[in-house]
Amino acid sequence: MRNLMKPLVLLFFAVAAVSASAQNQKFGHIDLQALVQIMPERTAAETQYNAFQADLEEVFGEMQQNYQQKLAELEKLGEETSEVKRNAKISELQELQQRVQNYQMTAQQQMQQKQAELLEPVFDMAEQAIEEVAKEQGLLYVFDTGTRVVLYKSNQSVDILPMVKKKLNIQ
C-alpha cells in the first residue's frame, strides 16, 4: 500500500502543476495596422514615398507631353508629305507609345518596391515593441485582430496596444 501511495501523490502534484500552469496562460491581441498608422516613422516613410511617386509622375507627364507633341506633328503633316516621312513619324510615335507603356509598368513596380522598402523598418519596429511587451506581460501568444483572422477573443485576452504605444513613446 505504501508503494502505491508514493506514485499517486506524485501524480496528484503533477496534475495540479499542469492545471495551475494552464490557468496562468495569458494571451494578448493588438491591431498591428492601427499601431503602424499612428507611428511617426510611418508618416516619415509616407512623405518619402509621396516624393518618390511625384518624381515618377513628373517623368510620366513629360513622356505623355512629348507623345502628344509628336502626335500633333503627325496630324499637321499635309497631303504633300511623302509616305516615307509619314511612316517614319508613325513609327516614331509607336515607339514612343511603347516606351510610355513600359515606363508605366516599371513605375508601378518601383512604387511597390519603394513602399515595401520604406515600411519594412516601421513594421519591424512595431513587431519588436510588441515582442518586448508580450515578454514583459508573460503572454504566450499575441494575435493580430486587424487581420480579421481571429474569430473570437475573450475579455481575458490583453489588449497590448496601449502598452506598445507607451513603449514606442506614442501618445
# chains A, B, ... in the order shown; residues from 1 in each chain; ligands from 1
>>> select_by_dssp(residues="chain A", states="strand (DSSP E or B)", output="number ranges by chain")
A: 27-30, 141-144, 158-159
>>> write_last_selection(atoms="N, CA and C atoms", output="mmCIF file, in the first residue's frame")
data_model
loop_
_atom_site.group_PDB
_atom_site.id
_atom_site.type_symbol
_atom_site.label_atom_id
_atom_site.label_comp_id
_atom_site.auth_asym_id
_atom_site.auth_seq_id
_atom_site.Cartn_x
_atom_site.Cartn_y
_atom_site.Cartn_z
ATOM 1 N N PHE A 27 -3.015 35.435 -23.039
ATOM 2 C CA PHE A 27 -2.983 35.761 -24.452
ATOM 3 C C PHE A 27 -3.222 37.251 -24.620
ATOM 4 N N GLY A 28 -2.668 37.801 -25.674
ATOM 5 C CA GLY A 28 -2.854 39.214 -25.949
ATOM 6 C C GLY A 28 -3.307 39.425 -27.376
ATOM 7 N N HIS A 29 -3.762 40.620 -27.652
ATOM 8 C CA HIS A 29 -4.162 40.965 -29.018
ATOM 9 C C HIS A 29 -3.823 42.432 -29.285
ATOM 10 N N ILE A 30 -3.665 42.728 -30.557
ATOM 11 C CA ILE A 30 -3.356 44.085 -30.995
ATOM 12 C C ILE A 30 -3.759 44.208 -32.452
ATOM 13 N N TYR A 141 0.914 34.104 -26.533
ATOM 14 C CA TYR A 141 0.634 34.471 -27.920
ATOM 15 C C TYR A 141 0.061 35.875 -27.952
ATOM 16 N N VAL A 142 0.327 36.581 -29.059
ATOM 17 C CA VAL A 142 -0.320 37.854 -29.332
ATOM 18 C C VAL A 142 -0.932 37.728 -30.718
ATOM 19 N N PHE A 143 -2.231 37.949 -30.793
ATOM 20 C CA PHE A 143 -2.951 37.825 -32.052
ATOM 21 C C PHE A 143 -3.171 39.194 -32.667
ATOM 22 N N ASP A 144 -3.092 39.253 -33.997
ATOM 23 C CA ASP A 144 -3.353 40.490 -34.725
ATOM 24 C C ASP A 144 -4.843 40.523 -35.051
ATOM 25 N N VAL A 158 -5.480 40.183 -23.356
ATOM 26 C CA VAL A 158 -4.968 41.511 -23.018
ATOM 27 C C VAL A 158 -4.764 42.324 -24.294
ATOM 28 N N ASP A 159 -5.383 43.511 -24.352
ATOM 29 C CA ASP A 159 -5.136 44.429 -25.461
ATOM 30 C C ASP A 159 -3.831 45.155 -25.152
#
>>> residues_around(residues="range 124-136 of chain A", least_positions_apart="2", cutoff="12 Å", atoms="only C-alpha atoms", output="PyMOL selection string")
chain A and resi 26-42+116-122+138-144+157-170
>>> write_last_selection(atoms="C-alpha atoms", output="PDB file, in the first residue's frame")
ATOM      1  CA  LYS A  26      -2.183  34.610 -20.984  1.00  0.00           C
ATOM      2  CA  PHE A  27      -2.983  35.761 -24.452  1.00  0.00           C
ATOM      3  CA  GLY A  28      -2.854  39.214 -25.949  1.00  0.00           C
ATOM      4  CA  HIS A  29      -4.162  40.965 -29.018  1.00  0.00           C
ATOM      5  CA  ILE A  30      -3.356  44.085 -30.995  1.00  0.00           C
ATOM      6  CA  ASP A  31      -4.366  45.690 -34.261  1.00  0.00           C
ATOM      7  CA  LEU A  32      -0.968  45.933 -35.972  1.00  0.00           C
ATOM      8  CA  GLN A  33      -2.243  48.197 -38.770  1.00  0.00           C
ATOM      9  CA  ALA A  34      -3.756  50.610 -36.243  1.00  0.00           C
ATOM     10  CA  LEU A  35      -0.436  50.737 -34.415  1.00  0.00           C
ATOM     11  CA  VAL A  36       1.549  51.374 -37.601  1.00  0.00           C
ATOM     12  CA  GLN A  37      -0.904  54.113 -38.640  1.00  0.00           C
ATOM     13  CA  ILE A  38      -0.130  56.154 -35.519  1.00  0.00           C
ATOM     14  CA  MET A  39       3.637  55.683 -35.623  1.00  0.00           C
ATOM     15  CA  PRO A  40       5.571  58.845 -36.580  1.00  0.00           C
ATOM     16  CA  GLU A  41       8.009  56.679 -38.568  1.00  0.00           C
ATOM     17  CA  ARG A  42       5.135  55.707 -40.879  1.00  0.00           C
ATOM     18  CA  ALA A 116       7.819  47.867 -49.045  1.00  0.00           C
ATOM     19  CA  GLU A 117      11.345  49.201 -48.526  1.00  0.00           C
ATOM     20  CA  LEU A 118      10.131  52.224 -46.559  1.00  0.00           C
ATOM     21  CA  LEU A 119       7.549  50.385 -44.445  1.00  0.00           C
ATOM     22  CA  GLU A 120       9.618  47.326 -43.556  1.00  0.00           C
ATOM     23  CA  PRO A 121      11.608  49.101 -40.797  1.00  0.00           C
ATOM     24  CA  VAL A 122       8.375  50.566 -39.392  1.00  0.00           C
ATOM     25  CA  GLY A 138       4.218  36.966 -19.787  1.00  0.00           C
ATOM     26  CA  LEU A 139       1.984  36.389 -22.804  1.00  0.00           C
ATOM     27  CA  LEU A 140       2.158  33.130 -24.710  1.00  0.00           C
ATOM     28  CA  TYR A 141       0.634  34.471 -27.920  1.00  0.00           C
ATOM     29  CA  VAL A 142      -0.320  37.854 -29.332  1.00  0.00           C
ATOM     30  CA  PHE A 143      -2.951  37.825 -32.052  1.00  0.00           C
ATOM     31  CA  ASP A 144      -3.353  40.490 -34.725  1.00  0.00           C
ATOM     32  CA  SER A 157      -7.156  38.472 -23.679  1.00  0.00           C
ATOM     33  CA  VAL A 158      -4.968  41.511 -23.018  1.00  0.00           C
ATOM     34  CA  ASP A 159      -5.136  44.429 -25.461  1.00  0.00           C
ATOM     35  CA  ILE A 160      -1.476  45.403 -25.601  1.00  0.00           C
ATOM     36  CA  LEU A 161      -1.881  48.419 -27.911  1.00  0.00           C
ATOM     37  CA  PRO A 162      -1.687  50.956 -25.030  1.00  0.00           C
ATOM     38  CA  MET A 163       1.441  49.267 -23.648  1.00  0.00           C
ATOM     39  CA  VAL A 164       3.131  49.125 -27.060  1.00  0.00           C
ATOM     40  CA  LYS A 165       2.277  52.771 -27.691  1.00  0.00           C
ATOM     41  CA  LYS A 166       3.901  53.634 -24.374  1.00  0.00           C
ATOM     42  CA  LYS A 167       6.970  51.524 -25.266  1.00  0.00           C
ATOM     43  CA  LEU A 168       7.259  53.435 -28.563  1.00  0.00           C
ATOM     44  CA  ASN A 169       6.597  56.801 -26.846  1.00  0.00           C
ATOM     45  CA  ILE A 170       3.434  57.413 -28.884  1.00  0.00           C
TER      46      ILE A 170
END
>>> residues_around(residues="range 72-74 of chain A", least_positions_apart="3", cutoff="12 Å", atoms="only C-alpha atoms", output="list of chain:residue names")
A:Gln65, A:Asn66, A:Tyr67, A:Gln68, A:Gln69, A:Leu77, A:Gly78, A:Glu79, A:Thr81, A:Glu83, A:Lys85, A:Arg86, A:Asn87, A:Ala88, A:Lys89, A:Ile90, A:Ser91, A:Glu92, A:Leu93, A:Gln94
>>> residues_around(residues="Val100 in chain A", least_positions_apart="3", cutoff="8 Å", atoms="only C-alpha atoms", output="list in words")
Phe60, Met63, Gln64, Leu96, Gln97, Tyr103 and Gln104 of chain A
>>> select_by_dssp(residues="chain A", states="helix (DSSP H, G or I)", output="ChimeraX atom specification")
/A:2-23,32-38,40-76,83-137,145-147,161-167
>>> closest_residue(among="A:Gln112, A:Glu95, A:Thr43, A:Val150", to="Lys70 in chain A", atoms="only C-alpha atoms")
A:Glu95
>>> atom_distance(atom1="CA of Lys114 in chain A", atom2="CA of Val149 in chain A")
27.6 Å
>>> atom_distance(atom1="CA of Gln108 in chain A", atom2="CA of Phe123 in chain A")
22.1 Å
>>> atom_distance(atom1="CA of Leu56 in chain A", atom2="CA of Arg99 in chain A")
14.1 Å
